[in-house]
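Colleague: For reference, the file upload27.txt (compact mmCIF, C-alpha atoms and all ligand atoms) is included below:
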```
# COMPACT_ATOMS: atom_id res chain seq x y z
CA MET A 30 20.24 -9.23 20.87
CA SER A 31 20.90 -12.92 21.25
CA SER A 32 21.95 -14.92 18.19
CA PRO A 33 19.94 -17.98 17.05
CA HIS A 34 23.31 -19.73 16.92
CA GLU A 35 24.31 -18.89 20.46
CA ASP A 36 25.02 -22.51 21.39
CA LEU A 37 27.31 -22.89 18.37
CA LEU A 38 29.06 -19.60 19.06
CA ALA A 39 29.60 -20.75 22.65
CA LEU A 40 31.64 -23.65 21.25
CA ARG A 41 34.14 -21.21 19.72
CA SER A 42 35.99 -21.15 23.02
CA GLU A 43 36.74 -24.87 22.52
CA PHE A 44 38.84 -23.99 19.44
CA PRO A 45 41.67 -21.62 20.45
CA VAL A 46 42.78 -20.81 16.88
CA LEU A 47 39.50 -18.93 16.36
CA GLU A 48 40.66 -16.28 18.86
CA ARG A 49 43.71 -15.48 16.78
CA THR A 50 42.64 -15.95 13.16
CA THR A 51 39.74 -15.83 10.73
CA TYR A 52 39.76 -19.58 10.32
CA LEU A 53 38.03 -20.53 7.05
CA ILE A 54 39.97 -23.64 6.05
CA ASN A 55 37.90 -26.43 7.57
CA ASN A 56 37.90 -28.39 4.28
CA SER A 57 41.65 -28.80 4.77
CA LEU A 58 42.48 -28.82 8.48
CA GLY A 59 39.62 -28.26 10.92
CA ALA A 60 40.41 -26.19 14.02
CA MET A 61 42.01 -28.11 16.89
CA PRO A 62 39.76 -28.58 19.94
CA ARG A 63 41.53 -27.53 23.14
CA ALA A 64 40.62 -30.96 24.62
CA VAL A 65 43.24 -32.54 22.32
CA HIS A 66 45.90 -31.40 24.82
CA GLU A 67 44.27 -33.58 27.44
CA GLU A 68 43.83 -36.56 25.10
CA VAL A 69 47.47 -36.51 24.02
CA ALA A 70 48.57 -36.11 27.65
CA THR A 71 46.43 -39.12 28.60
CA PHE A 72 48.16 -41.20 25.94
CA ALA A 73 51.60 -40.15 27.20
CA ARG A 74 50.65 -40.71 30.83
CA GLN A 75 49.28 -44.21 30.13
CA TRP A 76 52.38 -45.17 28.18
CA GLU A 77 54.65 -43.78 30.90
CA GLU A 78 52.77 -45.17 33.92
CA ARG A 79 51.14 -48.35 32.64
CA GLY A 80 53.71 -49.40 30.06
CA VAL A 81 52.81 -52.53 28.15
CA ARG A 82 49.70 -53.07 30.29
CA ALA A 83 48.09 -50.16 28.41
CA TRP A 84 47.41 -52.53 25.50
CA HIS A 85 45.06 -54.55 27.64
CA GLU A 86 43.56 -51.49 29.30
CA GLY A 87 42.01 -50.06 26.15
CA TRP A 88 44.67 -49.45 23.50
CA TRP A 89 44.23 -52.75 21.64
CA GLU A 90 40.53 -52.10 20.95
CA MET A 91 40.88 -48.45 19.94
CA ALA A 92 41.14 -49.04 16.17
CA ALA A 93 37.90 -51.02 16.29
CA THR A 94 35.97 -48.86 18.77
CA THR A 95 36.95 -45.23 18.00
CA GLY A 96 34.82 -45.33 14.86
CA ASP A 97 31.70 -45.76 16.99
CA LEU A 98 31.92 -42.03 17.72
CA LEU A 99 31.51 -41.45 13.98
CA ALA A 100 28.65 -43.88 13.40
CA PRO A 101 25.85 -41.30 13.86
CA LEU A 102 27.62 -38.84 11.55
CA LEU A 103 27.89 -41.45 8.79
CA GLY A 104 24.43 -42.95 9.31
CA VAL A 105 25.77 -46.42 10.07
CA ARG A 106 25.47 -48.80 13.01
CA PRO A 107 28.15 -48.95 15.72
CA GLY A 108 30.73 -51.72 15.49
CA SER A 109 31.18 -51.33 11.74
CA ILE A 110 34.04 -48.85 11.31
CA ALA A 111 37.77 -49.74 11.25
CA MET A 112 40.31 -46.98 11.88
CA HIS A 113 43.37 -46.58 9.67
CA GLN A 114 46.08 -44.02 9.15
CA ASN A 115 44.48 -42.30 6.17
CA VAL A 116 42.20 -42.76 3.15
CA SER A 117 44.99 -44.23 1.05
CA VAL A 118 45.53 -47.11 3.46
CA ALA A 119 41.82 -47.60 4.20
CA ALA A 120 40.99 -47.72 0.48
CA ALA A 121 43.96 -49.99 -0.25
CA VAL A 122 42.65 -52.48 2.33
CA PHE A 123 39.28 -52.38 0.57
CA PHE A 124 40.75 -52.71 -2.95
CA SER A 125 42.73 -55.72 -1.75
CA CYS A 126 39.46 -57.65 -1.30
CA PHE A 127 38.82 -57.77 -5.06
CA ASP A 128 40.01 -59.52 -8.19
CA TYR A 129 39.15 -58.74 -11.77
CA PRO A 130 37.89 -61.58 -13.96
CA PRO A 131 37.81 -60.46 -17.63
CA GLU A 132 34.00 -60.21 -17.75
CA ARG A 133 33.89 -57.94 -14.65
CA ASN A 134 37.14 -56.07 -14.54
CA ARG A 135 36.22 -52.38 -14.74
CA ILE A 136 36.89 -49.70 -12.15
CA VAL A 137 34.75 -46.61 -12.81
CA TYR A 138 35.37 -43.16 -11.32
CA THR A 139 35.26 -39.54 -12.38
CA GLU A 140 38.14 -37.32 -13.41
CA LEU A 141 37.31 -35.04 -10.46
CA ASN A 142 38.03 -37.66 -7.81
CA PHE A 143 40.65 -36.86 -5.22
CA PRO A 144 43.70 -38.47 -6.91
CA ASN A 145 44.51 -40.92 -4.08
CA VAL A 146 41.98 -43.47 -5.26
CA MET A 147 43.01 -43.07 -8.91
CA TYR A 148 46.59 -43.92 -7.99
CA LEU A 149 45.42 -47.04 -6.19
CA ALA A 150 43.18 -48.02 -9.11
CA GLU A 151 46.13 -47.71 -11.49
CA GLY A 152 47.88 -50.33 -9.36
CA GLU A 153 44.90 -52.64 -9.82
CA ARG A 154 45.73 -52.86 -13.55
CA ARG A 155 48.39 -55.38 -12.49
CA LYS A 156 45.54 -57.62 -11.29
CA GLY A 157 43.69 -57.23 -14.60
CA ALA A 158 41.57 -54.16 -13.91
CA GLU A 159 40.53 -51.78 -16.68
CA ILE A 160 39.98 -48.12 -15.73
CA VAL A 161 37.02 -46.07 -16.97
CA MET A 162 37.39 -42.38 -16.11
CA VAL A 163 34.19 -40.37 -16.57
CA PRO A 164 34.95 -36.81 -17.74
CA SER A 165 33.56 -33.50 -16.48
CA ASP A 166 32.58 -30.65 -18.85
CA ASP A 167 33.01 -27.75 -16.49
CA GLY A 168 35.53 -28.92 -13.89
CA ILE A 169 32.89 -28.41 -11.19
CA GLY A 170 30.89 -31.64 -11.36
CA VAL A 171 30.06 -34.67 -13.47
CA PRO A 172 26.48 -35.16 -14.74
CA THR A 173 24.96 -38.00 -12.70
CA GLU A 174 23.44 -39.60 -15.82
CA ARG A 175 26.86 -39.78 -17.45
CA LEU A 176 28.35 -41.51 -14.43
CA LEU A 177 25.41 -43.91 -14.12
CA ALA A 178 25.71 -44.84 -17.81
CA ALA A 179 29.37 -45.76 -17.30
CA ILE A 180 28.47 -48.27 -14.55
CA ASP A 181 27.35 -51.58 -16.04
CA GLU A 182 27.62 -55.37 -15.72
CA ARG A 183 31.34 -55.19 -16.51
CA THR A 184 31.96 -52.92 -13.51
CA ARG A 185 33.64 -54.41 -10.45
CA LEU A 186 34.31 -51.28 -8.36
CA VAL A 187 33.10 -47.67 -8.26
CA PRO A 188 35.51 -45.85 -5.93
CA ILE A 189 34.41 -42.21 -6.02
CA SER A 190 34.52 -39.02 -3.98
CA HIS A 191 31.11 -38.13 -2.59
CA THR A 192 31.98 -34.43 -2.32
CA LEU A 193 34.52 -33.27 -4.90
CA PHE A 194 37.49 -31.63 -3.23
CA ARG A 195 37.94 -28.84 -5.78
CA SER A 196 34.41 -27.52 -6.16
CA ALA A 197 32.46 -28.99 -3.19
CA PHE A 198 30.07 -30.58 -5.74
CA VAL A 199 28.09 -33.35 -4.01
CA GLN A 200 27.50 -36.44 -6.14
CA ASP A 201 24.14 -38.22 -5.88
CA ALA A 202 25.21 -41.11 -3.66
CA GLN A 203 21.77 -42.70 -3.55
CA ALA A 204 21.38 -42.85 -7.33
CA ILE A 205 24.92 -44.18 -7.75
CA ALA A 206 24.39 -46.81 -5.02
CA ARG A 207 21.13 -47.89 -6.68
CA ARG A 208 22.84 -48.26 -10.04
CA CYS A 209 25.72 -50.24 -8.50
CA ARG A 210 23.30 -52.67 -6.87
CA GLU A 211 21.32 -53.07 -10.12
CA VAL A 212 24.37 -54.21 -12.04
CA GLY A 213 26.28 -55.97 -9.25
CA ALA A 214 29.09 -53.40 -8.93
CA VAL A 215 30.52 -52.36 -5.54
CA LEU A 216 30.47 -48.71 -4.49
CA LEU A 217 33.28 -47.32 -2.34
CA LEU A 218 32.37 -43.76 -1.40
CA ASP A 219 35.12 -41.37 -0.27
CA VAL A 220 33.27 -39.17 2.23
CA TYR A 221 36.29 -37.18 3.38
CA GLN A 222 34.82 -33.85 2.25
CA SER A 223 31.33 -34.82 3.49
CA ALA A 224 31.71 -36.36 6.95
CA GLY A 225 31.07 -33.74 9.61
CA VAL A 226 29.48 -31.18 7.27
CA LEU A 227 26.74 -33.08 5.38
CA GLU A 228 24.01 -35.36 6.65
CA LEU A 229 25.03 -38.87 5.64
CA GLU A 230 22.82 -41.96 5.66
CA LEU A 231 25.23 -44.45 4.15
CA GLU A 232 23.36 -47.54 5.25
CA ALA A 233 19.94 -46.27 4.19
CA TRP A 234 21.32 -45.07 0.83
CA GLY A 235 22.57 -48.57 0.04
CA VAL A 236 26.25 -47.59 -0.11
CA ASP A 237 28.53 -50.65 0.06
CA ALA A 238 31.56 -49.12 1.76
CA ALA A 239 33.06 -45.76 2.62
CA VAL A 240 36.41 -44.24 3.51
CA GLY A 241 37.29 -40.89 5.02
CA GLY A 242 39.58 -39.14 7.43
CA SER A 243 39.68 -36.76 10.33
CA VAL A 244 41.67 -33.71 9.43
CA LYS A 245 38.86 -31.73 7.82
CA TRP A 246 35.30 -31.21 9.08
CA LEU A 247 35.68 -33.75 11.90
CA CYS A 248 38.38 -31.60 13.59
CA GLY A 249 40.23 -34.80 14.47
CA GLY A 250 43.74 -34.04 13.22
CA PRO A 251 46.11 -36.18 11.14
CA GLY A 252 46.70 -39.93 11.41
CA ALA A 253 43.11 -41.18 11.78
CA GLY A 254 41.25 -42.38 8.68
CA PHE A 255 38.39 -44.85 8.57
CA LEU A 256 36.87 -47.66 6.54
CA TRP A 257 33.21 -48.61 6.86
CA GLY A 258 31.63 -51.62 5.21
CA ASP A 259 27.93 -52.39 4.86
CA PRO A 260 26.98 -55.20 7.26
CA GLY A 261 25.56 -57.22 4.34
CA LEU A 262 28.85 -57.11 2.44
CA ALA A 263 31.62 -56.66 5.02
CA PRO A 264 31.58 -60.18 6.52
CA LYS A 265 32.15 -61.64 3.03
CA LEU A 266 35.24 -59.57 2.30
CA GLU A 267 38.76 -60.91 2.80
CA PRO A 268 41.42 -58.21 2.50
CA ALA A 269 44.81 -59.33 1.17
CA LEU A 270 46.30 -56.20 2.76
CA THR A 271 45.91 -57.36 6.34
CA GLY A 272 47.71 -58.01 9.62
CA TRP A 273 47.47 -59.71 12.96
CA GLN A 274 44.80 -57.39 14.34
CA ALA A 275 42.45 -58.81 11.68
CA ASP A 276 42.83 -62.40 12.86
CA GLU A 277 40.14 -63.85 15.12
CA GLU A 278 42.80 -65.05 17.57
CA PRO A 279 45.70 -62.65 17.19
CA PHE A 280 47.45 -63.79 20.36
CA ASN A 281 47.64 -67.35 19.11
CA PHE A 282 50.18 -66.19 16.53
CA ARG A 283 49.00 -68.94 14.19
CA PRO A 284 51.02 -69.46 11.03
CA GLY A 285 49.01 -68.46 7.89
CA PRO A 286 46.43 -68.36 6.43
CA ILE A 287 44.57 -65.78 8.49
CA GLN A 288 41.16 -66.55 9.98
CA TYR A 289 39.36 -63.27 9.61
CA ALA A 290 37.73 -61.79 12.70
CA GLU A 291 34.29 -60.19 12.77
CA THR A 292 33.73 -56.72 11.33
CA PRO A 293 35.29 -54.21 11.86
CA TRP A 294 38.37 -56.12 13.12
CA ARG A 295 38.73 -58.01 9.81
CA PHE A 296 39.66 -54.69 8.11
CA LEU A 297 42.48 -53.83 10.50
CA THR A 298 46.17 -54.47 9.83
CA GLY A 299 49.08 -54.30 12.29
CA THR A 300 49.78 -52.16 15.36
CA PRO A 301 47.30 -49.26 15.39
CA ASN A 302 48.21 -45.57 15.49
CA ILE A 303 47.32 -45.03 19.15
CA PRO A 304 48.36 -41.34 19.57
CA ALA A 305 46.22 -40.35 16.57
CA LEU A 306 43.29 -42.35 17.91
CA PHE A 307 43.51 -40.36 21.13
CA SER A 308 43.81 -37.00 19.42
CA CYS A 309 40.93 -37.52 16.98
CA ARG A 310 38.33 -38.20 19.67
CA ALA A 311 37.88 -34.67 20.98
CA GLY A 312 36.80 -33.36 17.57
CA TYR A 313 34.56 -36.36 16.87
CA ARG A 314 32.75 -35.82 20.17
CA ILE A 315 32.13 -32.10 19.55
CA VAL A 316 31.05 -32.55 15.92
CA ALA A 317 28.77 -35.50 16.72
CA GLY A 318 27.43 -33.56 19.71
CA VAL A 319 26.35 -30.67 17.47
CA GLY A 320 24.98 -33.21 14.99
CA ALA A 321 25.06 -33.38 11.20
CA LYS A 322 21.61 -31.82 10.73
CA ARG A 323 22.43 -28.69 12.69
CA ILE A 324 25.86 -28.37 11.07
CA ARG A 325 24.39 -28.73 7.58
CA GLU A 326 21.78 -26.00 8.22
CA ARG A 327 24.42 -23.61 9.50
CA SER A 328 26.87 -24.51 6.74
CA LEU A 329 24.29 -23.82 4.01
CA ALA A 330 23.47 -20.45 5.54
CA LEU A 331 27.16 -19.50 5.69
CA THR A 332 28.09 -20.74 2.19
CA THR A 333 25.03 -19.04 0.66
CA HIS A 334 26.06 -15.81 2.35
CA LEU A 335 29.68 -16.23 1.30
CA MET A 336 28.81 -16.90 -2.35
CA ALA A 337 26.50 -13.87 -2.55
CA THR A 338 29.11 -11.63 -0.92
CA ALA A 339 31.89 -12.87 -3.22
CA GLU A 340 29.78 -12.35 -6.34
CA ALA A 341 28.67 -8.91 -5.20
CA ALA A 342 32.36 -8.07 -4.80
CA GLY A 343 32.96 -9.04 -8.46
CA PHE A 344 34.39 -12.56 -8.14
CA GLU A 345 33.47 -15.68 -10.09
CA VAL A 346 32.39 -18.50 -7.76
CA ARG A 347 33.32 -22.03 -8.87
CA THR A 348 31.01 -23.92 -6.57
CA PRO A 349 27.56 -25.38 -7.32
CA ARG A 350 24.70 -22.92 -6.89
CA ASP A 351 22.16 -25.64 -6.09
CA PRO A 352 22.33 -26.13 -2.28
CA ALA A 353 21.54 -29.85 -2.65
CA ARG A 354 24.67 -30.29 -4.77
CA ARG A 355 26.96 -28.09 -2.64
CA ALA A 356 28.93 -29.16 0.43
CA GLY A 357 30.80 -26.82 2.77
CA THR A 358 33.39 -25.06 0.61
CA VAL A 359 33.15 -21.98 -1.60
CA SER A 360 35.79 -21.73 -4.34
CA VAL A 361 36.40 -18.13 -5.38
CA TRP A 362 38.17 -17.66 -8.69
CA HIS A 363 40.61 -14.92 -9.73
CA GLU A 364 43.49 -15.04 -12.21
CA GLU A 365 45.88 -14.36 -9.35
CA ALA A 366 44.11 -16.58 -6.83
CA GLU A 367 47.31 -18.26 -5.66
CA ARG A 368 49.04 -14.98 -4.81
CA LEU A 369 45.86 -13.60 -3.24
CA SER A 370 45.43 -16.68 -1.04
CA LYS A 371 48.93 -16.11 0.33
CA GLU A 372 48.14 -12.45 0.99
CA LEU A 373 45.00 -13.44 2.89
CA ILE A 374 46.95 -15.93 5.00
CA ALA A 375 49.54 -13.24 5.76
CA ARG A 376 46.61 -11.22 7.18
CA GLU A 377 45.50 -14.15 9.38
CA ILE A 378 42.59 -15.05 7.09
CA ILE A 379 43.27 -18.75 6.76
CA CYS A 380 42.26 -20.27 3.41
CA ASP A 381 43.96 -22.25 0.64
CA TYR A 382 44.40 -22.36 -3.12
CA ARG A 383 43.81 -25.18 -5.58
CA PRO A 384 44.60 -24.99 -9.31
CA ARG A 385 41.46 -24.46 -11.44
CA ALA A 386 39.35 -23.92 -8.29
CA GLY A 387 40.87 -20.74 -6.87
CA ILE A 388 40.71 -19.67 -3.24
CA ARG A 389 38.82 -22.18 -1.11
CA LEU A 390 36.90 -20.74 1.83
CA SER A 391 35.15 -23.22 4.06
CA PRO A 392 33.25 -22.01 7.12
CA HIS A 393 32.30 -24.56 9.81
CA PHE A 394 29.56 -24.42 12.45
CA TYR A 395 31.73 -22.21 14.66
CA ASN A 396 32.32 -19.50 12.04
CA THR A 397 30.25 -16.36 11.61
CA GLU A 398 28.87 -14.21 8.77
CA ALA A 399 31.13 -11.41 10.03
CA GLU A 400 34.21 -13.60 9.44
CA CYS A 401 33.04 -14.39 5.89
CA ASP A 402 32.47 -10.67 5.25
CA HIS A 403 35.93 -9.82 6.56
CA ALA A 404 37.53 -12.40 4.25
CA ILE A 405 35.72 -11.15 1.13
CA ALA A 406 36.22 -7.45 1.94
CA THR A 407 39.96 -8.05 2.37
CA LEU A 408 40.12 -10.13 -0.81
CA LYS A 409 38.29 -7.46 -2.77
CA GLU A 410 40.71 -4.79 -1.58
CA LEU A 411 43.72 -6.98 -2.45
CA ALA A 412 42.34 -7.98 -5.87
CA PHE A 413 40.74 -4.75 -7.08
CA GLY A 414 42.28 -2.16 -4.79
CA ARG A 415 38.93 -0.82 -3.55
C1 LIG B 1 38.00 -36.36 -1.05
C2 LIG B 1 39.34 -36.58 -0.42
N1 LIG B 1 39.81 -37.82 -0.26
C3 LIG B 1 41.01 -38.07 0.33
C4 LIG B 1 41.80 -37.03 0.77
C5 LIG B 1 43.11 -37.32 1.44
O1 LIG B 1 43.36 -38.67 1.65
P1 LIG B 1 44.45 -39.21 2.69
O2 LIG B 1 43.75 -39.44 4.00
O3 LIG B 1 44.94 -40.49 2.12
O4 LIG B 1 45.53 -38.18 2.82
C6 LIG B 1 41.35 -35.72 0.62
C7 LIG B 1 42.22 -34.62 1.10
O5 LIG B 1 42.19 -33.55 0.71
C8 LIG B 1 40.10 -35.50 0.01
O6 LIG B 1 39.65 -34.25 -0.16
```
Take the structure in this file and express it as structure tokens.
Modeller:
Amino acid sequence: MSSPHEDLLALRSEFPVLERTTYLINNSLGAMPRAVHEEVATFARQWEERGVRAWHEGWWEMAATTGDLLAPLLGVRPGSIAMHQNVSVAAAVFFSCFDYPPERNRIVYTELNFPNVMYLAEGERRKGAEIVMVPSDDGIGVPTERLLAAIDERTRLVPISHTLFRSAFVQDAQAIARRCREVGAVLLLDVYQSAGVLELELEAWGVDAAVGGSVKWLCGGPGAGFLWGDPGLAPKLEPALTGWQADEEPFNFRPGPIQYAETPWRFLTGTPNIPALFSCRAGYRIVAGVGAKRIRERSLALTTHLMATAEAAGFEVRTPRDPARRAGTVSVWHEEAERLSKELIAREIICDYRPRAGIRLSPHFYNTEAECDHAIATLKELAFGR
């Protein structure tokens, strides 16, 4: 009998690691597309054969154009995404656009944020920022009302994770964006755990800016992060963390101050990470080709199945039950989760462990129910010996 997901299953052959493992770690490092070999070889060939001419034959533009492949997945227009090395750098460029007058000096985020942004925000104290960290009661999510109440006329920036890395809890981006606009705060959404697995409509939701990276659901590998800015806001921003790629006439080598180029160039810095920009494209093309809607439908079916199977096997699941609040990962708790995750990996069931979350299992569009069943059956045997 043919499967309703035949076209997705056909794509499994594009990801060689799926032949050798039960690969359920797409929230950490998505499977490598086989086409990456070709992309990396193209980079090396161009460098070898074209030498310095390669800059003028495509390399120079790559940090400003590669993001166009992501535009449909983020729900933003082309020509608005700048590529960076990672979220840290992309967010630091964004932070560097702001100052903190005493009457509007607060940075608001939740205690469940990925720590990157918290570390950056701590640095902003030197510029006069005050940090407001909104607590969680259960370690899974933060009540939206509590977060909205913390955002007021004193708030300058709201740099928060859209999907929380530990629990896969999805924060209500639209409500948070609305609140930010009401009070004149700026929302920076970290969509790392969302891009490529959820349907995003950043522009329509009224989000001001977003950062993310490629290693997870986008199957793009390390070294390629991104910064998107809303077209209404981006042209007004002037990053202090900058470089010659951001100048409108970089080859004039003008002494300072910089004259910022149009978006997205104005958010770039120095020499771009060309090899990473080659290697990320294969994954972007496949993921965008499948499309966020289709991926989300399949992801919900797989995570629902995985949660039910884990609970039936006797495990506590530390992931939101409400599908609207759940992204692509299922966190399965056990007192000995760390040891068990290692035992699973030793059996070629690839997962990871995070303190207070447990074993994270994260099927992508190319995974199957049978793989989820195999992971839980093995885990059950390891944990309970039956
Ligand atoms: C929500 C979120 N933000 C950021 C990161 C990583 O950021 P960076 O690209 O700076 O390594 C992760 C990685 O796990 C994440 O889950």
Colleague: Can you check which parts of chain A lie within 10 Å of ligand LIG 1 (chain B)? Per residue, the shortest pair of atoms and distance in Å to one decimal, counting all atoms listed in the file, sorted by chain and number, as a tab-separated table.
Modeller:
```
residue	atom	partner	partner_atom	distance
A:Asn56	CA	B:LIG1	O6	7.6
A:Ser57	CA	B:LIG1	O5	6.3
A:Leu58	CA	B:LIG1	O5	9.1
A:His113	CA	B:LIG1	O2	9.1
A:Gln114	CA	B:LIG1	O2	7.3
A:Asn115	CA	B:LIG1	O2	3.7
A:Val116	CA	B:LIG1	O3	3.7
A:Ser117	CA	B:LIG1	O3	3.9
A:Val118	CA	B:LIG1	O3	6.8
A:Ala119	CA	B:LIG1	O3	8.0
A:Ala120	CA	B:LIG1	O3	8.4
A:Ala121	CA	B:LIG1	O3	9.8
A:Leu141	CA	B:LIG1	C1	9.5
A:Asn142	CA	B:LIG1	C1	6.9
A:Phe143	CA	B:LIG1	C1	5.0
A:Pro144	CA	B:LIG1	N1	7.7
A:Asn145	CA	B:LIG1	O3	6.2
A:Val146	CA	B:LIG1	C3	7.8
A:Ile189	CA	B:LIG1	C1	8.5
A:Ser190	CA	B:LIG1	C1	5.3
A:His191	CA	B:LIG1	C1	7.3
A:Thr192	CA	B:LIG1	C1	6.4
A:Leu193	CA	B:LIG1	C1	6.0
A:Phe194	CA	B:LIG1	O6	4.6
A:Arg195	CA	B:LIG1	O6	8.0
A:Ala197	CA	B:LIG1	O6	9.4
A:Leu218	CA	B:LIG1	C1	9.3
A:Asp219	CA	B:LIG1	C1	5.8
A:Val220	CA	B:LIG1	C1	6.4
A:Tyr221	CA	B:LIG1	C1	4.8
A:Gln222	CA	B:LIG1	C1	5.2
A:Ser223	CA	B:LIG1	C1	8.2
A:Val240	CA	B:LIG1	N1	8.2
A:Gly241	CA	B:LIG1	N1	6.6
A:Gly242	CA	B:LIG1	O2	5.4
A:Ser243	CA	B:LIG1	O2	8.0
A:Val244	CA	B:LIG1	O2	8.2
A:Lys245	CA	B:LIG1	C7	8.0
A:Pro251	CA	B:LIG1	O2	8.2
A:Gly252	CA	B:LIG1	O2	8.0
A:Ala253	CA	B:LIG1	O2	8.0
A:Gly254	CA	B:LIG1	O2	6.1
A:Phe255	CA	B:LIG1	O2	8.9
```
Colleague: From the options A:Tyr148, A:Arg355, A:Val65, A:Ser370, which residue's atoms come nearest to Gly170 in chain A, counting all atoms listed in the file?
Modeller: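 For Gly170 in chain A, the nearest of the candidates is A:Arg355.
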Colleague: Which of these residues is nearest to Pro349 in chain A, using all atoms listed in the file: A:Ala206, A:Ile169, A:Leu186, A:Val319?
Modeller: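 Among A:Ala206, A:Ile169, A:Leu186, A:Val319, it is A:Ile169 that comes nearest to Pro349 in chain A.
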Colleague: For Val171 in chain A, please output as a PyMOL selection string all residues within 10 Å (counting all atoms listed in the file; exclusion window: fewer than 5 positions along the same chain).
Modeller: chain A and resi 139-141+163-166+176+193+198-200
Colleague: Now that the selection is made, can you save its residues with C-alpha atoms as a short mmCIF file (atom, residue, chain, number, x, y, z; two decimals), keeping the file's coordinate frame?
Modeller:
```cif
data_model
loop_
_atom_site.label_atom_id
_atom_site.label_comp_id
_atom_site.auth_asym_id
_atom_site.auth_seq_id
_atom_site.Cartn_x
_atom_site.Cartn_y
_atom_site.Cartn_z
CA THR A 139 35.26 -39.54 -12.38
CA GLU A 140 38.14 -37.32 -13.41
CA LEU A 141 37.31 -35.04 -10.46
CA VAL A 163 34.19 -40.37 -16.57
CA PRO A 164 34.95 -36.81 -17.74
CA SER A 165 33.56 -33.50 -16.48
CA ASP A 166 32.58 -30.65 -18.85
CA LEU A 176 28.35 -41.51 -14.43
CA LEU A 193 34.52 -33.27 -4.90
CA PHE A 198 30.07 -30.58 -5.74
CA VAL A 199 28.09 -33.35 -4.01
CA GLN A 200 27.50 -36.44 -6.14
#
```
Colleague: CA of Ala92 in chain A to CA of Asp237 in chain A: how many Å, to one decimal?
Modeller: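 Distance reported for this atom pair: 20.5 Å.
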Colleague: So how far away is CA of Leu266 in chain A from CA of Ala321 in chain A, in Å?
Modeller: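 Rounded to one decimal, the two atoms are 29.5 Å apart.
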Colleague: Work out how far CA of Arg135 in chain A is from CA of Ile160 in chain A, in Å to one decimal.
Modeller: 5.8 Å
Colleague: Under the rule that all atoms listed in the file are counted, which of A:Arg183, A:Arg295, A:Leu411, A:Asn396 is the nearest residue to Ala375 in chain A?
Modeller: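 Checking each of A:Arg183, A:Arg295, A:Leu411, A:Asn396 against Ala375 in chain A, counting all atoms listed in the file, the winner is A:Leu411.
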Colleague: Within 12 Å of Thr71 in chain A, counting all atoms listed in the file, which residues show up once you throw out same-chain ones fewer than 3 positions away? Write them as a list in words, please.
Modeller: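 Those residues are Ala64, Val65, His66, Glu67, Glu68, Arg74, Gln75, Trp76, Glu77, Glu78, Arg79, Ala83, Trp88, Ile303, Pro304, Leu306, Phe307 and Ser308 of chain A.
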Colleague: Go through A:Leu408, A:Ala179, A:Ile287, A:Val46 one by one, measure the shortest atom-to-atom distance of each to Glu365 in chain A using all atoms listed in the file, and give the residue with the smallest value.
Modeller: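 Distance minimum relative to Glu365 in chain A lands on A:Leu408.
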Colleague: I'd like to know which of A:Ile315, A:Leu217, A:Leu98, A:Leu53 is closest to Thr332 in chain A, using all atoms listed in the file.
Modeller: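 So, comparing all the options, the nearest one is A:Leu53.
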Colleague: Using only C-alpha atoms, find the one residue out of A:Val361, A:Ile405, A:Ala337, A:Leu47 that sits nearest to Ala386 in chain A.
Modeller: A:Val361
Colleague: Skipping near chain neighbours, those fewer than 4 positions away, what residues fall within 12 Å of Pro352 in chain A using only C-alpha atoms, listed as an NGL selection string?
Modeller: :A and (197-199 or 227 or 325-326 or 328-334 or 336 or 348 or 356-359)
Colleague: Name all residues at most 12 Å from Ala214 in chain A (count all atoms listed in the file; drop same-chain ones fewer than 4 positions away) and give them as a ChimeraX atom specification.
Modeller: /A:127,129,133-137,177,179-188,205-210,236-238,262
Colleague: Emit the selected residues as a CSV table (one decimal), in the frame of the given file, including C-alpha atoms.
Modeller:
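Resulting contents of again33.csv:
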```
chain,number,residue,atom,x,y,z
A,127,PHE,CA,38.8,-57.8,-5.1
A,129,TYR,CA,39.2,-58.7,-11.8
A,133,ARG,CA,33.9,-57.9,-14.6
A,134,ASN,CA,37.1,-56.1,-14.5
A,135,ARG,CA,36.2,-52.4,-14.7
A,136,ILE,CA,36.9,-49.7,-12.2
A,137,VAL,CA,34.8,-46.6,-12.8
A,177,LEU,CA,25.4,-43.9,-14.1
A,179,ALA,CA,29.4,-45.8,-17.3
A,180,ILE,CA,28.5,-48.3,-14.6
A,181,ASP,CA,27.4,-51.6,-16.0
A,182,GLU,CA,27.6,-55.4,-15.7
A,183,ARG,CA,31.3,-55.2,-16.5
A,184,THR,CA,32.0,-52.9,-13.5
A,185,ARG,CA,33.6,-54.4,-10.4
A,186,LEU,CA,34.3,-51.3,-8.4
A,187,VAL,CA,33.1,-47.7,-8.3
A,188,PRO,CA,35.5,-45.8,-5.9
A,205,ILE,CA,24.9,-44.2,-7.8
A,206,ALA,CA,24.4,-46.8,-5.0
A,207,ARG,CA,21.1,-47.9,-6.7
A,208,ARG,CA,22.8,-48.3,-10.0
A,209,CYS,CA,25.7,-50.2,-8.5
A,210,ARG,CA,23.3,-52.7,-6.9
A,236,VAL,CA,26.2,-47.6,-0.1
A,237,ASP,CA,28.5,-50.6,0.1
A,238,ALA,CA,31.6,-49.1,1.8
A,262,LEU,CA,28.8,-57.1,2.4
```
Colleague: Leaving out range 377-380 of chain A and any residue of its chain fewer than 5 positions from it, which residues lie within 10 Å of it when counting only C-alpha atoms, given as a list in words?
Modeller: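 Contacts, in chain order: Arg49, Thr50, Thr51, Tyr52, Leu53, Ile54, Asn55, Asn56, Ser57, Leu58, Ser370, Lys371, Glu372, Ile388, Arg389, Leu390, Ser391, Pro392, Glu400, Cys401, His403, Ala404, Ile405, Thr407 and Leu408 of chain A.
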